[in-house]
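> Can you read through this structure? Questions will come right after.
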Amino acid sequence: MTMNTEKRALLAIVISMFIVMFTPFVLTKFFPGLKQQPKVQQPAAAPVTTDRAATGAPEAVQPAAQVIDDKSIVFETDEYKVEFSGSCGAIRRITLKKFNDPKGLPIVIAETPGSVDAIFYTSGLSKDTDRTPFTYTAKGDRAVFAAKSSDGMLVEKEYIFQPGRYAIELKQTITNSSSQSRPLKYSIVTSSGIPDLSKQDEVYVEIVRDIDGKIVNTNKKAIKTETSWDGRQVNWLSLKNKYFSLITKPPVFFTGITSKKLQGNGLQTKMSSAEFTVGPNASATHNFMLYAGPSDYDKIASLKMGMENSLYLGFTGSIGKILFVVLKFFNGLVKNWGLAIIALTVFINILLFPLTFKGIKAMKQMQALQPKIEALRKANKDNPQKTNKEVMELYKKYKINPMGGCLPMLLQMPVFFALYQVLMRSHELRGAPFLWIKDLSQPDRLMTFKGSIPLLGSDLNILPLLMAVAMFFQQKLSAPPAASQNDQMAQQQKMMGVMMPVLFGFLFYGLPSGLVMYWLTNTVLTVAEQELFLKKEMFHVEHSE
Amino acid sequence: MIKKAAIYFKKLLVLLINIYRNYLSGYKLRCCRYYPSCSEYAAEAIEKKGAAKGLLLSVFRIIRCNPFSKGGYDPVK
């Protein structure tokens, strides 16, 4: 086990380099939000054109000879603004009025390059119906689009807007006015062009679907051009980014999903039906429900369609769900998300305290053993390893052990990952202020420089720096006194004690301030626990080699 | 060829454990009820018994290391 000085130094350098090089890779792999990329503003919203012809996009579906005045038809509630493509009877753009982008403009949650990509555009019924332009009639607070093809197919789309909710309902009636029964099937666009929000948040864009009761998600990156999934029944289909969701609940007998990349890097999802038959002079009505709004569990759950299950996925997801309920509870008490994060961190630490230390009782018992431990220490002055072994034997003999064990510690990890996810993704933290922080979902930005500083960029973020300082003290306090080691090791320890906090400071620098605040609070609490409740001798065991 | 790969894998595992021990474990409170600690034990077990058996031994050790165990001196046998 003995190594000479040079070897040790070399190993230290190699390991340091290894960490510096691979930590970002590992972190981005497991925590996609960590990517330290330059901030890229999301592209400015395209100018609102009310005339299709003005954009000049050639539409394959519309015959060139046909003159269509594709006026955009707009419906608004307090929550959203929906813009229709008149000729397709489909939704070209949805704007959320209560959520703003960094520039202060309302968030556009769905936007499509062409009318055929618009949400609820129906295709495949027959060649003829696909080409027939729709006509629009206002029917009170509803929008009705209808098209009749030359071969006697009538498609009517009735949109119902639900004030106070982020829901849009579509009643699609397909009427067969011919004299013979027709087997039909069609596909319908269910979501289109959700924004990435920012370049570094693109990793959060994903498709989640419930097919035959199985919930699966696919990241945007995995969809190169076109991807399909099939089953017996699609229960719902969601296209979501970091904070918002477009979720569609189809009627029964929809069995397939196709997703493709749109021009301009957006994603689109389509659902396809199984074959169904409409008799002569009969019609079939299909109901679709679209949720277009923030990824808010309660709001989606209020539609009672099970679509809220698209939000918290997997094991850490279910922990995250509970954590968020607690976080929300604290926010209700203190009326500030920043304070709520601190309260939650303290709460978790209090919960774990008895688990980690089996209560203060064991600590008191420990004190009775203290003279014996001291005696052991003195007896084996030159052999700390032997001391450790004998101290452990002593604990065993008296059946007390101040440590909680590694298993409970390991079991906590999923909780931390889940909390990370919650703080990273909760739209409630968008624009939530705390002290000098303007937005808990962004770095704290105490100051913004005119120029740009290498590595740190153009913002001065205080929280990551405070966190690095707290970590430095934590390491310093738990490290054994220098006297018990040789100079070489003490030096090495000192270097590590500085390097890791600096590295963590960098890694956390561009992260949401809410998240950094959680880590900072946690570190401060750990240091406090260490100082208040633990005898320093306990830490000697791990660090003496 | 396979033997060589196994040796490298073993070395990689031990390296990862050592990185944890030297750089990361100082940022949490000490929790292990045993001597040697679970991470030391894991590194030693993998070194001595090979990756597969060593990992298995380590998993069992971590499961043992809970508030209901006695703890104490427990080296790799």
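The chains in the structure tokens are called A, B, ... from first to last as shown; in each chain the residues are counted from 1, and the ligands are counted from 1 in the order shown.
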Would you mind listing, as a PyMOL selection string, all residues of chain B that have at least one atom within 12 Å of chain A, where only C-alpha atoms are what counts?

chain B and resi 12+15-41+44+58-75

> So the first atom is CA of Leu303 (chain A) and the second is CA of Phe288 (chain A); what is the distance between them in Å, to one decimal place?

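Spanning CA of Leu303 (chain A) to CA of Phe288 (chain A) is a straight-line distance of 12.4 Å.
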
> Which residue gives the smallest distance to Ile211 (chain A) among A:Ser310, A:Lys261, A:Gly293, A:Ile453, with only C-alpha atoms counted?

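Smallest distance to Ile211 (chain A) is found for A:Ser310.
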
> State, in Å with one decimal place, the distance from CA of Thr95 (chain A) to CA of Tyr80 (chain A).

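Separation between CA of Thr95 (chain A) and CA of Tyr80 (chain A): 5.5 Å.
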
> CA of Leu351 (chain A) to CA of Leu323 (chain A): how many Å, to one decimal?

12.8 Å

> Find the spatial neighbours of region 235-249 of chain A, counting only C-alpha atoms, within a cut-off of 8 Å - ignore same-chain residues fewer than 5 positions away - and output them as JSON, numbers by chain.

{"A": [109, 190, 191, 194, 195, 196, 197, 201, 202, 204, 205, 206, 207, 208, 209, 210, 211, 212, 213, 269, 288, 289, 290, 291, 292, 293, 294, 295, 305, 307, 310, 425, 426, 427]}

> Using DSSP on the backbone coordinates, identify all residues within region 296-403 of chain A classified as alpha helix (DSSP H); present the result as a PyMOL selection string.

chain A and resi 297-301+314-334+337-357+359-379+384-397

> I'd like to know which of A:Gly114, A:Phe161, A:Thr316, A:Pro133 is closest to Lys148 (chain A), using only C-alpha atoms.

A:Pro133

> Using only C-alpha atoms, which of the listed residues (A:Gly104, A:Gly431, A:Gly124, A:Pro251) sits closest to Leu184 (chain A)?

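Nearest to Leu184 (chain A): A:Gly124.
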
> Within 12 Å of Val155 (chain A), counting only C-alpha atoms, which residues qualify if same-chain residues fewer than 5 places away don't, as an mmCIF file with C-alpha atoms, in the first residue's frame?


data_model
loop_
_atom_site.group_PDB
_atom_site.id
_atom_site.type_symbol
_atom_site.label_atom_id
_atom_site.label_comp_id
_atom_site.auth_asym_id
_atom_site.auth_seq_id
_atom_site.Cartn_x
_atom_site.Cartn_y
_atom_site.Cartn_z
ATOM 1 C CA CYS A 88 -57.691 23.081 -42.560
ATOM 2 C CA GLY A 89 -59.855 23.552 -39.513
ATOM 3 C CA TYR A 121 -55.454 18.294 -38.896
ATOM 4 C CA THR A 122 -57.130 15.124 -40.140
ATOM 5 C CA SER A 123 -55.784 13.093 -43.025
ATOM 6 C CA LEU A 125 -60.139 9.643 -44.668
ATOM 7 C CA SER A 126 -60.081 9.801 -48.437
ATOM 8 C CA ASP A 128 -60.683 13.932 -51.671
ATOM 9 C CA THR A 129 -61.511 15.038 -48.123
ATOM 10 C CA ASP A 130 -57.888 15.824 -47.433
ATOM 11 C CA ARG A 131 -57.947 18.317 -50.241
ATOM 12 C CA THR A 132 -61.279 19.928 -49.565
ATOM 13 C CA PRO A 133 -60.913 23.231 -47.783
ATOM 14 C CA PHE A 134 -62.945 23.757 -44.653
ATOM 15 C CA THR A 135 -65.398 26.536 -44.136
ATOM 16 C CA VAL A 144 -67.068 24.950 -36.142
ATOM 17 C CA PHE A 145 -65.267 23.937 -39.306
ATOM 18 C CA ALA A 146 -66.887 21.792 -41.978
ATOM 19 C CA ALA A 147 -65.830 20.319 -45.297
ATOM 20 C CA LYS A 148 -67.716 18.167 -47.751
ATOM 21 C CA SER A 149 -65.964 16.180 -50.406
ATOM 22 C CA LYS A 171 -65.829 16.917 -31.470
ATOM 23 C CA GLN A 172 -65.182 15.481 -34.878
ATOM 24 C CA THR A 173 -68.180 14.165 -36.763
ATOM 25 C CA ILE A 174 -67.675 12.130 -39.896
ATOM 26 C CA THR A 175 -70.799 11.694 -41.967
ATOM 27 C CA ASN A 176 -71.181 9.356 -44.882
ATOM 28 C CA SER A 177 -73.835 10.843 -47.129
ATOM 29 C CA TYR A 186 -57.610 8.340 -40.485
ATOM 30 C CA SER A 283 -72.208 9.430 -38.970
ATOM 31 C CA ALA A 284 -69.603 8.821 -36.304
ATOM 32 C CA THR A 285 -68.577 11.344 -33.663
ATOM 33 C CA HIS A 286 -65.151 11.224 -32.054
#
